[in-house]
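Novice: Following this line is protein-v1.txt, made up of compact mmCIF, C-alpha atoms and all ligand atoms:
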```
# COMPACT_ATOMS: atom_id res chain seq x y z
CA MET A 852 12.40 0.37 -80.68
CA GLU A 853 13.56 1.92 -83.98
CA HIS A 854 15.33 -0.68 -86.10
CA ASN A 855 17.00 1.49 -88.74
CA ILE A 856 19.40 3.16 -86.29
CA SER A 857 22.64 1.43 -85.29
CA LYS A 858 22.39 -0.20 -81.89
CA ASN A 859 24.20 -2.55 -79.54
CA ILE A 860 21.84 -5.39 -78.62
CA LEU A 861 22.69 -7.95 -75.96
CA ILE A 862 21.08 -11.38 -76.28
CA THR A 863 21.75 -13.71 -73.33
CA GLY A 864 21.55 -17.48 -73.76
CA GLY A 865 22.02 -17.12 -77.51
CA ALA A 866 23.82 -20.46 -77.85
CA GLY A 867 20.80 -22.36 -76.54
CA PHE A 868 17.76 -23.65 -78.40
CA ILE A 869 15.49 -20.59 -78.67
CA GLY A 870 18.34 -18.10 -78.22
CA SER A 871 20.18 -19.35 -81.29
CA HIS A 872 17.09 -18.77 -83.45
CA VAL A 873 16.70 -15.26 -82.00
CA VAL A 874 20.40 -14.44 -82.56
CA ARG A 875 20.25 -15.70 -86.16
CA ARG A 876 17.13 -13.66 -86.86
CA PHE A 877 18.58 -10.43 -85.43
CA VAL A 878 21.98 -10.86 -87.11
CA SER A 879 20.43 -11.49 -90.52
CA GLU A 880 17.48 -9.05 -90.36
CA TYR A 881 19.19 -6.05 -88.75
CA GLU A 882 22.57 -5.31 -90.32
CA ASN A 883 22.80 -2.01 -88.45
CA TYR A 884 22.62 -3.78 -85.08
CA GLN A 885 25.72 -5.09 -83.38
CA VAL A 886 24.43 -8.31 -81.82
CA PHE A 887 26.28 -9.55 -78.72
CA ASN A 888 25.54 -13.10 -77.63
CA LEU A 889 26.41 -13.69 -73.97
CA ASP A 890 26.35 -17.37 -73.04
CA ALA A 891 28.09 -19.50 -70.41
CA LEU A 892 27.97 -22.57 -72.70
CA THR A 893 26.46 -24.90 -70.12
CA TYR A 894 25.41 -28.39 -71.24
CA ALA A 895 22.53 -26.68 -73.09
CA GLY A 896 24.61 -24.09 -74.92
CA ASN A 897 26.26 -25.09 -78.18
CA LEU A 898 28.13 -22.89 -80.65
CA GLU A 899 27.42 -25.46 -83.37
CA ASN A 900 23.92 -23.94 -83.33
CA LEU A 901 25.34 -20.73 -84.81
CA LYS A 902 27.98 -21.97 -87.27
CA ASP A 903 26.29 -20.28 -90.24
CA ILE A 904 26.47 -16.78 -88.76
CA GLU A 905 29.58 -16.91 -86.55
CA ASP A 906 31.65 -14.83 -89.01
CA ALA A 907 29.03 -12.13 -89.62
CA ASP A 908 30.39 -8.57 -89.16
CA ASN A 909 27.53 -7.58 -86.86
CA TYR A 910 27.87 -10.58 -84.49
CA THR A 911 30.06 -11.04 -81.41
CA PHE A 912 30.05 -14.06 -79.11
CA ILE A 913 31.03 -13.51 -75.47
CA LYS A 914 31.51 -16.50 -73.20
CA GLY A 915 30.44 -15.50 -69.71
CA ASP A 916 28.18 -16.24 -66.78
CA ILE A 917 25.27 -13.96 -65.88
CA THR A 918 25.74 -14.90 -62.21
CA ASP A 919 29.20 -13.24 -62.21
CA THR A 920 28.35 -9.73 -60.98
CA ASP A 921 31.71 -8.07 -61.73
CA PHE A 922 31.87 -9.55 -65.19
CA VAL A 923 28.32 -8.43 -66.02
CA ASN A 924 28.90 -4.88 -64.71
CA LYS A 925 32.11 -4.50 -66.72
CA LEU A 926 30.46 -5.82 -69.86
CA PHE A 927 27.59 -3.33 -69.59
CA SER A 928 29.99 -0.41 -68.90
CA LYS A 929 32.03 -1.35 -71.95
CA HIS A 930 29.28 -1.76 -74.53
CA HIS A 931 26.45 0.56 -73.39
CA PHE A 932 23.77 -1.78 -74.72
CA ASP A 933 20.63 -0.16 -76.18
CA GLY A 934 18.55 -3.23 -75.44
CA VAL A 935 18.79 -6.58 -73.66
CA ILE A 936 16.89 -9.70 -74.71
CA HIS A 937 17.31 -12.08 -71.80
CA LEU A 938 16.94 -15.80 -72.53
CA ALA A 939 19.81 -17.33 -70.51
CA ALA A 940 18.33 -19.76 -68.02
CA GLU A 941 18.25 -23.25 -66.66
CA SER A 942 15.24 -24.42 -68.64
CA HIS A 943 14.46 -28.08 -67.94
CA VAL A 944 11.75 -28.90 -65.37
CA ASP A 945 13.10 -32.40 -64.53
CA ARG A 946 16.56 -30.97 -63.74
CA SER A 947 14.95 -28.33 -61.50
CA ILE A 948 13.47 -31.15 -59.39
CA THR A 949 16.89 -32.69 -58.74
CA ASP A 950 18.89 -29.42 -58.48
CA PRO A 951 16.64 -26.43 -57.60
CA LEU A 952 19.50 -24.21 -56.40
CA SER A 953 21.14 -23.96 -59.80
CA PHE A 954 17.78 -22.62 -61.06
CA VAL A 955 17.70 -20.00 -58.31
CA ARG A 956 21.30 -19.05 -59.10
CA THR A 957 20.91 -18.55 -62.84
CA ASN A 958 17.25 -17.66 -63.27
CA VAL A 959 16.82 -15.40 -60.24
CA PHE A 960 20.27 -14.16 -59.18
CA GLY A 961 21.54 -13.98 -62.77
CA THR A 962 18.49 -12.00 -63.89
CA VAL A 963 18.86 -9.54 -61.01
CA ASN A 964 22.53 -9.04 -61.96
CA LEU A 965 21.44 -8.07 -65.48
CA LEU A 966 18.73 -5.78 -64.11
CA ASN A 967 21.22 -4.00 -61.83
CA ALA A 968 23.67 -3.52 -64.68
CA SER A 969 20.81 -2.16 -66.84
CA LEU A 970 20.07 0.57 -64.28
CA GLY A 971 23.37 2.22 -65.22
CA LEU A 972 22.29 2.37 -68.87
CA PHE A 973 18.65 3.30 -69.21
CA ARG A 974 18.88 6.67 -67.44
CA ASN A 975 21.09 8.04 -70.25
CA ASN A 976 19.24 6.22 -73.00
CA PRO A 977 15.48 6.80 -73.30
CA GLY A 978 15.15 4.06 -75.95
CA PHE A 979 16.60 1.33 -73.70
CA VAL A 980 14.49 -1.78 -73.10
CA PHE A 981 15.00 -4.91 -70.98
CA TYR A 982 13.08 -7.80 -72.51
CA HIS A 983 12.61 -10.88 -70.32
CA ILE A 984 11.76 -14.13 -72.14
CA SER A 985 9.57 -16.18 -69.85
CA THR A 986 7.24 -19.13 -69.78
CA ASP A 987 3.55 -19.97 -69.46
CA GLU A 988 4.50 -22.31 -66.58
CA VAL A 989 4.46 -19.31 -64.21
CA TYR A 990 0.65 -19.50 -64.32
CA GLY A 991 0.58 -23.03 -62.89
CA SER A 992 -1.83 -25.65 -64.16
CA LEU A 993 -5.24 -25.48 -65.87
CA GLY A 994 -8.03 -28.01 -65.56
CA SER A 995 -9.69 -29.23 -68.74
CA HIS A 996 -11.11 -25.76 -69.58
CA GLY A 997 -9.86 -22.20 -69.88
CA PHE A 998 -6.73 -20.40 -71.02
CA PHE A 999 -3.85 -18.46 -69.50
CA LYS A 1000 -4.34 -14.73 -70.09
CA GLU A 1001 -1.85 -11.97 -69.29
CA SER A 1002 -4.00 -11.19 -66.24
CA THR A 1003 -3.96 -14.78 -64.88
CA ALA A 1004 -2.48 -14.92 -61.35
CA TYR A 1005 0.93 -16.55 -60.98
CA ALA A 1006 0.85 -20.00 -59.33
CA PRO A 1007 4.09 -21.82 -60.24
CA ASN A 1008 4.36 -25.49 -59.23
CA SER A 1009 7.90 -26.60 -60.11
CA PRO A 1010 11.23 -25.18 -58.95
CA TYR A 1011 11.81 -24.16 -62.59
CA SER A 1012 8.54 -22.25 -62.90
CA ALA A 1013 8.98 -20.74 -59.41
CA SER A 1014 12.39 -19.40 -60.48
CA LYS A 1015 10.95 -17.96 -63.72
CA ALA A 1016 7.99 -16.43 -61.85
CA SER A 1017 10.45 -14.86 -59.41
CA SER A 1018 12.54 -13.38 -62.21
CA ASP A 1019 9.39 -12.00 -63.90
CA HIS A 1020 8.47 -10.35 -60.58
CA PHE A 1021 11.96 -8.83 -60.28
CA VAL A 1022 11.73 -7.39 -63.80
CA ARG A 1023 8.36 -5.82 -63.03
CA ALA A 1024 9.61 -4.57 -59.63
CA TYR A 1025 12.57 -2.84 -61.32
CA GLY A 1026 10.06 -1.16 -63.64
CA GLU A 1027 7.96 0.10 -60.72
CA THR A 1028 10.79 0.97 -58.34
CA TYR A 1029 13.47 2.37 -60.64
CA GLY A 1030 11.51 3.13 -63.80
CA LEU A 1031 13.39 0.51 -65.85
CA PRO A 1032 11.67 0.15 -69.26
CA PHE A 1033 10.82 -3.51 -69.76
CA VAL A 1034 8.67 -6.01 -71.63
CA ILE A 1035 7.99 -9.64 -70.72
CA SER A 1036 6.60 -12.45 -72.83
CA ASN A 1037 5.35 -15.81 -71.55
CA CYS A 1038 5.44 -18.55 -74.14
CA SER A 1039 4.20 -22.12 -74.39
CA ASN A 1040 6.25 -25.24 -75.30
CA ASN A 1041 8.63 -24.69 -78.18
CA TYR A 1042 9.86 -27.39 -80.55
CA GLY A 1043 12.10 -27.29 -83.63
CA PRO A 1044 15.70 -27.53 -84.84
CA ASN A 1045 18.57 -27.33 -82.31
CA GLN A 1046 16.55 -28.41 -79.25
CA PHE A 1047 18.57 -30.40 -76.71
CA PRO A 1048 17.27 -34.01 -76.53
CA GLU A 1049 16.16 -33.82 -72.91
CA LYS A 1050 12.84 -32.19 -73.92
CA LEU A 1051 9.98 -34.39 -75.11
CA VAL A 1052 10.09 -33.87 -78.91
CA PRO A 1053 13.84 -34.25 -79.61
CA LEU A 1054 14.22 -36.94 -76.91
CA PHE A 1055 11.55 -39.05 -78.59
CA ILE A 1056 12.88 -38.40 -82.13
CA ASN A 1057 16.32 -39.57 -81.00
CA ASN A 1058 14.92 -42.60 -79.15
CA ILE A 1059 12.84 -43.65 -82.15
CA ILE A 1060 15.94 -43.49 -84.37
CA GLN A 1061 17.83 -45.57 -81.76
CA LYS A 1062 14.83 -47.94 -81.24
CA LYS A 1063 14.90 -47.08 -77.52
CA PRO A 1064 11.79 -46.90 -75.25
CA LEU A 1065 9.74 -43.67 -75.31
CA PRO A 1066 9.24 -42.84 -71.60
CA VAL A 1067 5.77 -41.26 -71.32
CA TYR A 1068 5.25 -39.88 -67.80
CA GLY A 1069 2.17 -41.10 -65.90
CA ASP A 1070 -0.82 -41.89 -68.12
CA GLY A 1071 0.26 -39.45 -70.86
CA ASN A 1072 -2.93 -37.42 -70.50
CA TYR A 1073 -1.05 -34.19 -69.78
CA THR A 1074 -1.66 -31.38 -72.24
CA ARG A 1075 0.77 -28.83 -73.66
CA ASP A 1076 0.41 -26.09 -76.28
CA TRP A 1077 3.17 -26.41 -78.91
CA LEU A 1078 4.80 -23.65 -80.96
CA PHE A 1079 7.46 -23.89 -83.70
CA VAL A 1080 10.61 -22.14 -82.44
CA LYS A 1081 10.97 -19.85 -85.49
CA ASP A 1082 7.47 -18.51 -84.85
CA HIS A 1083 8.54 -17.74 -81.29
CA ALA A 1084 11.68 -15.95 -82.56
CA ARG A 1085 9.48 -13.85 -84.89
CA ALA A 1086 7.19 -12.99 -81.97
CA ILE A 1087 10.23 -11.97 -79.88
CA ASP A 1088 11.38 -9.67 -82.70
CA LEU A 1089 7.93 -8.02 -82.81
CA VAL A 1090 7.60 -7.62 -79.03
CA PHE A 1091 11.13 -6.19 -78.78
CA HIS A 1092 10.47 -3.59 -81.48
CA GLN A 1093 6.78 -2.84 -81.05
CA GLY A 1094 5.70 -4.13 -77.64
CA LYS A 1095 4.41 -1.52 -75.18
CA LYS A 1096 6.85 -0.85 -72.33
CA GLY A 1097 5.73 -2.30 -69.02
CA GLU A 1098 3.48 -4.89 -70.70
CA THR A 1099 3.33 -8.67 -70.84
CA TYR A 1100 2.50 -10.67 -73.97
CA ASN A 1101 1.42 -14.30 -73.95
CA ILE A 1102 2.70 -16.30 -76.93
CA GLY A 1103 1.29 -19.68 -77.92
CA GLY A 1104 0.53 -21.94 -80.84
CA PHE A 1105 -3.28 -22.37 -80.48
CA ASN A 1106 -2.15 -25.98 -80.65
CA GLU A 1107 -2.97 -28.22 -77.68
CA TRP A 1108 -1.93 -31.87 -77.61
CA LYS A 1109 -2.07 -34.57 -74.98
CA ASN A 1110 1.43 -36.02 -74.59
CA ILE A 1111 0.29 -39.49 -75.62
CA GLU A 1112 -1.41 -38.19 -78.78
CA LEU A 1113 1.64 -36.12 -79.69
CA THR A 1114 3.82 -39.21 -79.13
CA GLN A 1115 1.60 -41.28 -81.43
CA LEU A 1116 1.75 -38.57 -84.13
CA LEU A 1117 5.56 -38.44 -83.85
CA CYS A 1118 5.69 -42.24 -84.15
CA ARG A 1119 3.61 -42.14 -87.36
CA LEU A 1120 5.77 -39.38 -88.91
CA MET A 1121 8.97 -41.18 -87.94
CA ASP A 1122 7.78 -44.55 -89.32
CA LYS A 1123 7.16 -42.78 -92.64
CA LYS A 1124 10.53 -41.03 -92.58
CA LEU A 1125 12.43 -44.22 -91.64
CA ASP A 1126 10.47 -46.42 -94.05
CA ARG A 1127 9.45 -48.60 -91.13
CA GLN A 1128 6.18 -50.51 -91.11
CA ALA A 1129 3.19 -48.62 -89.67
CA SER A 1130 3.03 -48.90 -85.83
CA THR A 1131 6.69 -49.95 -85.47
CA SER A 1132 7.65 -46.89 -83.39
CA ALA A 1133 4.45 -46.89 -81.32
CA LYS A 1134 5.58 -50.24 -79.88
CA LEU A 1135 8.40 -48.31 -78.17
CA ILE A 1136 5.94 -46.35 -76.01
CA SER A 1137 6.52 -47.09 -72.34
CA PHE A 1138 4.49 -45.52 -69.49
CA VAL A 1139 6.88 -44.63 -66.67
CA LYS A 1140 6.77 -43.06 -63.21
CA ASP A 1141 5.15 -39.62 -63.28
CA ARG A 1142 7.02 -36.32 -62.88
CA PRO A 1143 6.46 -35.01 -59.31
CA GLY A 1144 4.14 -31.98 -59.31
CA HIS A 1145 3.33 -32.56 -63.00
CA ASP A 1146 1.12 -29.73 -64.32
CA LEU A 1147 -1.97 -31.18 -66.01
CA ARG A 1148 -2.57 -28.65 -68.76
CA TYR A 1149 -1.14 -25.45 -70.24
CA ALA A 1150 -3.08 -23.43 -72.82
CA ILE A 1151 -2.26 -19.90 -73.91
CA ASP A 1152 -4.67 -17.21 -74.99
CA ALA A 1153 -2.45 -15.39 -77.50
CA SER A 1154 -5.12 -12.92 -78.63
CA LYS A 1155 -3.31 -9.84 -77.24
CA ILE A 1156 -0.16 -10.27 -79.36
CA ASN A 1157 -2.38 -11.25 -82.28
CA LYS A 1158 -4.56 -8.13 -82.07
CA GLU A 1159 -1.93 -5.61 -81.01
CA LEU A 1160 1.10 -6.76 -83.02
CA GLY A 1161 -0.51 -8.86 -85.76
CA TRP A 1162 1.42 -12.02 -84.81
CA GLU A 1163 0.20 -15.56 -85.48
CA PRO A 1164 1.95 -18.91 -85.98
CA SER A 1165 3.05 -19.51 -89.58
CA VAL A 1166 3.21 -23.32 -89.72
CA THR A 1167 0.82 -26.09 -88.73
CA PHE A 1168 1.99 -28.61 -86.13
CA GLU A 1169 2.41 -31.35 -88.69
CA GLU A 1170 4.49 -29.05 -90.97
CA GLY A 1171 6.60 -27.92 -88.01
CA LEU A 1172 7.21 -31.48 -86.83
CA GLU A 1173 8.18 -32.58 -90.33
CA LEU A 1174 10.69 -29.69 -90.58
CA THR A 1175 12.02 -30.65 -87.14
CA ILE A 1176 12.41 -34.34 -87.99
CA GLU A 1177 14.12 -33.36 -91.26
CA TRP A 1178 16.57 -31.17 -89.32
CA TYR A 1179 17.53 -33.99 -86.93
CA PHE A 1180 18.13 -36.32 -89.87
CA ASP A 1181 20.24 -33.70 -91.67
CA ASN A 1182 22.23 -32.97 -88.50
CA LYS A 1183 23.15 -36.42 -87.21
CA GLU A 1184 26.61 -35.14 -86.22
CA TRP A 1185 25.03 -32.45 -83.99
CA LEU A 1186 22.86 -35.11 -82.38
CA ASP A 1187 25.84 -37.47 -81.90
CA HIS A 1188 27.86 -34.69 -80.23
CA VAL A 1189 25.15 -33.69 -77.75
CA THR A 1190 24.13 -37.25 -76.87
CA SER A 1191 27.61 -38.34 -75.80
CA GLY A 1192 29.50 -37.61 -72.55
CA ASP A 1193 27.44 -36.00 -69.76
CA TYR A 1194 24.18 -36.72 -71.57
CA LEU A 1195 24.61 -40.47 -71.05
CA GLU A 1196 24.97 -39.94 -67.28
CA TYR A 1197 21.92 -37.66 -67.20
CA TYR A 1198 19.86 -40.17 -69.19
CA LYS A 1199 20.81 -43.08 -66.96
CA LYS A 1200 19.88 -41.16 -63.81
CA GLN A 1201 16.63 -39.68 -65.13
CA TYR A 1202 15.27 -42.84 -66.78
CA GLN A 1203 17.06 -45.55 -64.76
CA ALA A 1204 18.14 -46.91 -68.15
P1 LIG B 1 18.16 -23.81 -73.31
O1 LIG B 1 18.34 -24.58 -72.05
O2 LIG B 1 18.19 -24.51 -74.62
O3 LIG B 1 19.29 -22.67 -73.40
C1 LIG B 1 19.67 -21.89 -72.30
C2 LIG B 1 20.96 -21.15 -72.68
O4 LIG B 1 21.33 -20.34 -71.56
C3 LIG B 1 22.14 -22.09 -72.97
O5 LIG B 1 22.80 -21.65 -74.13
C4 LIG B 1 23.03 -21.96 -71.75
O6 LIG B 1 24.40 -22.15 -72.02
C5 LIG B 1 22.73 -20.51 -71.32
N1 LIG B 1 22.98 -20.32 -69.89
C6 LIG B 1 22.54 -21.08 -68.85
N2 LIG B 1 23.01 -20.60 -67.69
C7 LIG B 1 23.73 -19.48 -67.99
C8 LIG B 1 24.45 -18.54 -67.21
N3 LIG B 1 24.53 -18.65 -65.89
N4 LIG B 1 25.05 -17.49 -67.85
C9 LIG B 1 24.98 -17.38 -69.19
N5 LIG B 1 24.33 -18.27 -69.98
C10 LIG B 1 23.71 -19.30 -69.40
O7 LIG B 1 16.83 -22.98 -73.11
P2 LIG B 1 15.67 -22.64 -74.17
O8 LIG B 1 14.73 -23.76 -74.22
O9 LIG B 1 16.29 -22.11 -75.40
O10 LIG B 1 14.94 -21.45 -73.37
C11 LIG B 1 15.43 -20.10 -73.49
C12 LIG B 1 14.59 -19.20 -72.62
O11 LIG B 1 13.22 -19.28 -73.02
C13 LIG B 1 14.60 -19.59 -71.13
O12 LIG B 1 14.61 -18.41 -70.37
C14 LIG B 1 13.31 -20.36 -70.93
O13 LIG B 1 12.84 -20.22 -69.61
C15 LIG B 1 12.40 -19.66 -71.92
N6 LIG B 1 11.31 -20.49 -72.48
C16 LIG B 1 11.57 -21.70 -73.01
C17 LIG B 1 10.53 -22.44 -73.60
C18 LIG B 1 10.77 -23.79 -74.23
O14 LIG B 1 9.79 -24.45 -74.61
N7 LIG B 1 11.99 -24.25 -74.39
C19 LIG B 1 9.24 -21.92 -73.61
C20 LIG B 1 9.01 -20.66 -73.02
C21 LIG B 1 10.06 -19.94 -72.48
O1 LIG B 2 5.56 -24.44 -71.29
C1 LIG B 2 6.81 -23.88 -71.56
C2 LIG B 2 7.90 -24.76 -71.00
O2 LIG B 2 7.95 -25.92 -71.83
C3 LIG B 2 9.27 -24.08 -70.95
O3 LIG B 2 9.22 -23.00 -70.08
C4 LIG B 2 10.34 -25.07 -70.48
O4 LIG B 2 11.62 -24.46 -70.54
C5 LIG B 2 10.32 -26.28 -71.40
O5 LIG B 2 11.23 -27.24 -70.91
C6 LIG B 2 8.92 -26.88 -71.49
O6 LIG B 2 8.56 -27.52 -70.23
P1 LIG B 2 7.81 -28.94 -70.18
O7 LIG B 2 8.10 -29.56 -68.88
O8 LIG B 2 6.40 -28.80 -70.59
O9 LIG B 2 8.61 -29.67 -71.39
P2 LIG B 2 9.15 -31.18 -71.52
O10 LIG B 2 9.57 -31.34 -72.94
O11 LIG B 2 10.12 -31.51 -70.45
O12 LIG B 2 7.84 -32.03 -71.28
C7 LIG B 2 6.70 -31.89 -72.09
C8 LIG B 2 5.63 -32.83 -71.53
O13 LIG B 2 6.05 -34.19 -71.76
C9 LIG B 2 5.43 -32.72 -70.03
O14 LIG B 2 4.06 -32.94 -69.74
C10 LIG B 2 6.27 -33.85 -69.45
C11 LIG B 2 6.20 -34.91 -70.55
N1 LIG B 2 7.39 -35.76 -70.68
C12 LIG B 2 8.60 -35.16 -70.80
C13 LIG B 2 9.75 -35.93 -70.92
C14 LIG B 2 11.12 -35.26 -71.03
C15 LIG B 2 7.27 -37.14 -70.73
O15 LIG B 2 6.15 -37.68 -70.65
N2 LIG B 2 8.40 -37.90 -70.85
C16 LIG B 2 9.65 -37.35 -70.93
O16 LIG B 2 10.64 -38.09 -71.02
```
Could I get this file's structure written as structure tokens?
Specialist:
Amino acid sequence: MEHNISKNILITGGAGFIGSHVVRRFVSEYENYQVFNLDALTYAGNLENLKDIEDADNYTFIKGDITDTDFVNKLFSKHHFDGVIHLAAESHVDRSITDPLSFVRTNVFGTVNLLNASLGLFRNNPGFVFYHISTDEVYGSLGSHGFFKESTAYAPNSPYSASKASSDHFVRAYGETYGLPFVISNCSNNYGPNQFPEKLVPLFINNIIQKKPLPVYGDGNYTRDWLFVKDHARAIDLVFHQGKKGETYNIGGFNEWKNIELTQLLCRLMDKKLDRQASTSAKLISFVKDRPGHDLRYAIDASKINKELGWEPSVTFEEGLELTIEWYFDNKEWLDHVTSGDYLEYYKKQYQA
């Protein structure tokens, strides 16, 4: 997609963790774009994530739900978007185990609503693209060897990953059936500023600050590939502008860690930051009941996006974690706001604490 022509770009889920980094990037890099951020502001959406850009001339926030068909159709008729970057989703695996239907509603039904509304636009606009932001979890679990490639068969194991796999399939089906121009990317675990403290990294940073137990599921020998969120936002920018229509790109950090080793690294970095004696935080580690259907290992082969679009991660894991820890220390008010109210109920239920 040309980026020096004025365009209306819709970003869904832009008040969430990854979405807010994507919105900020597009608003600041592309002055000639009008960036619309559509977000329902669920527990995971937070306008405090976008305070620094909320008054920008090329930014508009729209509160709305992608599962509301009439609302979505009217919005698309009004603004004639030139491109959609779709991130809005229920994103937390543990919540999908206790409430799968809300994942079907938002991730499947909501995505199909956006696809239907896009059909009215792309026929009059040859440059239109629907970009679906997806996850490596659609590929299921790896053993101790191998990598997920774009050609790996889908084998989702959690209600979350099943809902994301389903929405990927719908996007591709709309490409085949109606000719909708699309791209999809499947990314590994993100970490960084603004992440809601239900996910491993911010949950453990917050618990270390509070001197609360660090609940490691099972034996902690589960492996994830970690990517700094700003590197993901840069990859999304590249795929949106230069990705080939109808293609999938895998995005990952070339950075695999067992959960227990990542937890120990976080403990060391936090002890340093908090001026606590070495090994203080590691004493908080507590092995708890495993997640049902827990995928053993994810590992992305990101060579396609590297070769075709020249993308690679820009920070090492240790640098990224230090930036992340710094952000949580500089934004204690943000952390206080999101860890009050409903969060306390969620925490009690999830961790029997
Ligand atoms: P998040 O949970 O932090 O944010 C999701 C956002 O979507 C929130 O702002 C929420 O208010 C909004 N939303 C939820 N339901 C909505 C609805 N019905 N209508 C409108 N808005 C709604 O999620 P995230 O971690 O930033 O993930 C963003 C996207 O990236 C998701 O599609 C997720 O599947 C995908 N992804 C995430 C990761 C990761 O590690 N977090 C990795 C790969 C892919
Ligand atoms: O791989 C990409 C996916 O990464 C995204 O699609 C999801 O939206 C995102 O939530 C993330 O899923 P995970 O389930 O891998 O992330 P989470 O932070 O929940 O867990 C990371 C690992 O840590 C996983 O193996 C489970 C484990 N874990 C998690 C929590 C919250 C624990 O051991 N204890 C915990 O308390």
Novice: How many Å lie between CA of Ile1151 (chain A) and CA of Leu1078 (chain A), rounded to one decimal?
Specialist: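 Computing it gives 10.7 Å between the two atoms.
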Novice: Could you please determine the separation between CA of Tyr1179 (chain A) and CA of Val1067 (chain A) in Å, to one decimal place?
Specialist: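 Separation of CA of Tyr1179 (chain A) and CA of Val1067 (chain A): 20.9 Å.
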Novice: Using only C-alpha atoms and all ligand atoms, which residues have at least one atom no more than 6 Å from ligand LIG 2 (chain B)? Output them as a list in words.
Specialist: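 The distance check yields Ser942, His943, Val944, Thr986, Asp987, Glu988, Ser1039, Asn1040, Glu1049, Lys1050, Leu1051, Pro1066, Val1067, Tyr1068, Tyr1073 and Asn1110 of chain A.
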Novice: Which distance in Å separates CA of Ile1102 (chain A) and atom O8 of ligand LIG 1 (chain B), to one decimal?
Specialist: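 These atoms are spaced 14.4 Å apart.
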Novice: Kindly list the centre and edge lengths in Å, rounded to one decimal, for the axis-aligned box that covers all listed atoms of region 1027-1041 of chain A plus 6 Å on each of its six sides, as lines of an AutoDock Vina configuration file.
Specialist:
```
center_x = 8.8
center_y = -11.1
center_z = -68.3
size_x = 21.3
size_y = 40.4
size_z = 31.8
```
Novice: Can you tell me, as a list in words, which residues sit within 8 Å of (-0.3, -35.0, -87.0) in the file's frame, using all atoms listed in the file?
Specialist: Leu1113, Leu1116, Leu1117, Leu1120, Phe1168 and Glu1169 of chain A
Novice: At a cut-off of 6 Å and counting all atoms listed in the file, what residues surround ligand LIG 1 (chain B)? Please answer as a PyMOL selection string.
Specialist: chain A and resi 864-870+890-893+895-896+915-918+938-942+957+984-986+1038-1041
Novice: What would the list of residues within 8 Å of (7.8, -47.5, -72.9) (file frame) look like as number ranges by chain, if only C-alpha atoms are what count?
Specialist: A: 1064-1067, 1134-1139
Novice: With a distance cut-off of 12 Å and only C-alpha atoms, select the neighbouring residues of Thr1131 (chain A), excluding the residue or stretch itself and same-chain residues fewer than 3 positions from it, and output the selection as a list of chain:residue names.
Specialist: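 Contacts, with the query itself left out: A:Ile1059, A:Ile1060, A:Lys1062, A:Lys1063, A:Pro1064, A:Gln1115, A:Leu1117, A:Cys1118, A:Arg1119, A:Leu1120, A:Met1121, A:Asp1122, A:Lys1123, A:Leu1125, A:Asp1126, A:Arg1127, A:Gln1128, A:Lys1134, A:Leu1135, A:Ile1136.
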Novice: With a distance cut-off of 8 Å and all atoms listed in the file, select the neighbouring residues of His931 (chain A), excluding the residue or stretch itself and same-chain residues fewer than 2 positions from it, and output the selection as a VMD selection string.
Specialist: chain A and resid 859 927 to 929 933 972
Novice: With all atoms listed in the file as the basis for distance, which of A:Ser871, A:Thr1175, A:Tyr1100, A:Lys1124 is at the shortest distance from Phe999 (chain A)?
Specialist: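 Answer, going by the shortest atom-to-atom distance: A:Tyr1100.
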Novice: Which residues are near Ser992 (chain A)? Cut-off 12 Å, all atoms listed in the file, ignore same chain within fewer than 5 positions. Put them as a ChimeraX atom specification.
Specialist: /A:987,997-999,1003-1009,1012,1073-1075,1144-1151
Novice: Just write the chosen residues, C-alpha atoms, as a compact mmCIF listing (two decimals), in the coordinates of the input.
Specialist:
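Written out: out-v9.txt:
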```txt
# COMPACT_ATOMS: atom_id res chain seq x y z
CA ASP A 987 3.55 -19.97 -69.46
CA GLY A 997 -9.86 -22.20 -69.88
CA PHE A 998 -6.73 -20.40 -71.02
CA PHE A 999 -3.85 -18.46 -69.50
CA THR A 1003 -3.96 -14.78 -64.88
CA ALA A 1004 -2.48 -14.92 -61.35
CA TYR A 1005 0.93 -16.55 -60.98
CA ALA A 1006 0.85 -20.00 -59.33
CA PRO A 1007 4.09 -21.82 -60.24
CA ASN A 1008 4.36 -25.49 -59.23
CA SER A 1009 7.90 -26.60 -60.11
CA SER A 1012 8.54 -22.25 -62.90
CA TYR A 1073 -1.05 -34.19 -69.78
CA THR A 1074 -1.66 -31.38 -72.24
CA ARG A 1075 0.77 -28.83 -73.66
CA GLY A 1144 4.14 -31.98 -59.31
CA HIS A 1145 3.33 -32.56 -63.00
CA ASP A 1146 1.12 -29.73 -64.32
CA LEU A 1147 -1.97 -31.18 -66.01
CA ARG A 1148 -2.57 -28.65 -68.76
CA TYR A 1149 -1.14 -25.45 -70.24
CA ALA A 1150 -3.08 -23.43 -72.82
CA ILE A 1151 -2.26 -19.90 -73.91
```
Novice: Please provide the set of residues having any atom within 10 Å of Gly1171 (chain A), restricted to all atoms listed in the file, with same-chain residues fewer than 2 positions apart removed, written as a ChimeraX atom specification.
Specialist: /A:1042-1044,1077-1082,1165-1169,1173-1177
Novice: When you look at Asn909 (chain A) with a cut-off of 8 Å (counting all atoms listed in the file), what residues show up, excluding the ones that are within fewer than 5 positions of it in the same chain? I need them as a PDB file with C-alpha atoms, keeping the file's coordinate frame.
Specialist:
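Output file selection-v6.pdb follows:
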```pdb
ATOM      1  CA  VAL A 878      21.980 -10.860 -87.110  1.00  0.00           C
ATOM      2  CA  GLU A 882      22.570  -5.310 -90.320  1.00  0.00           C
ATOM      3  CA  ASN A 883      22.800  -2.010 -88.450  1.00  0.00           C
ATOM      4  CA  TYR A 884      22.620  -3.780 -85.080  1.00  0.00           C
ATOM      5  CA  GLN A 885      25.720  -5.090 -83.380  1.00  0.00           C
ATOM      6  CA  VAL A 886      24.430  -8.310 -81.820  1.00  0.00           C
TER       7      VAL A 886
END
```
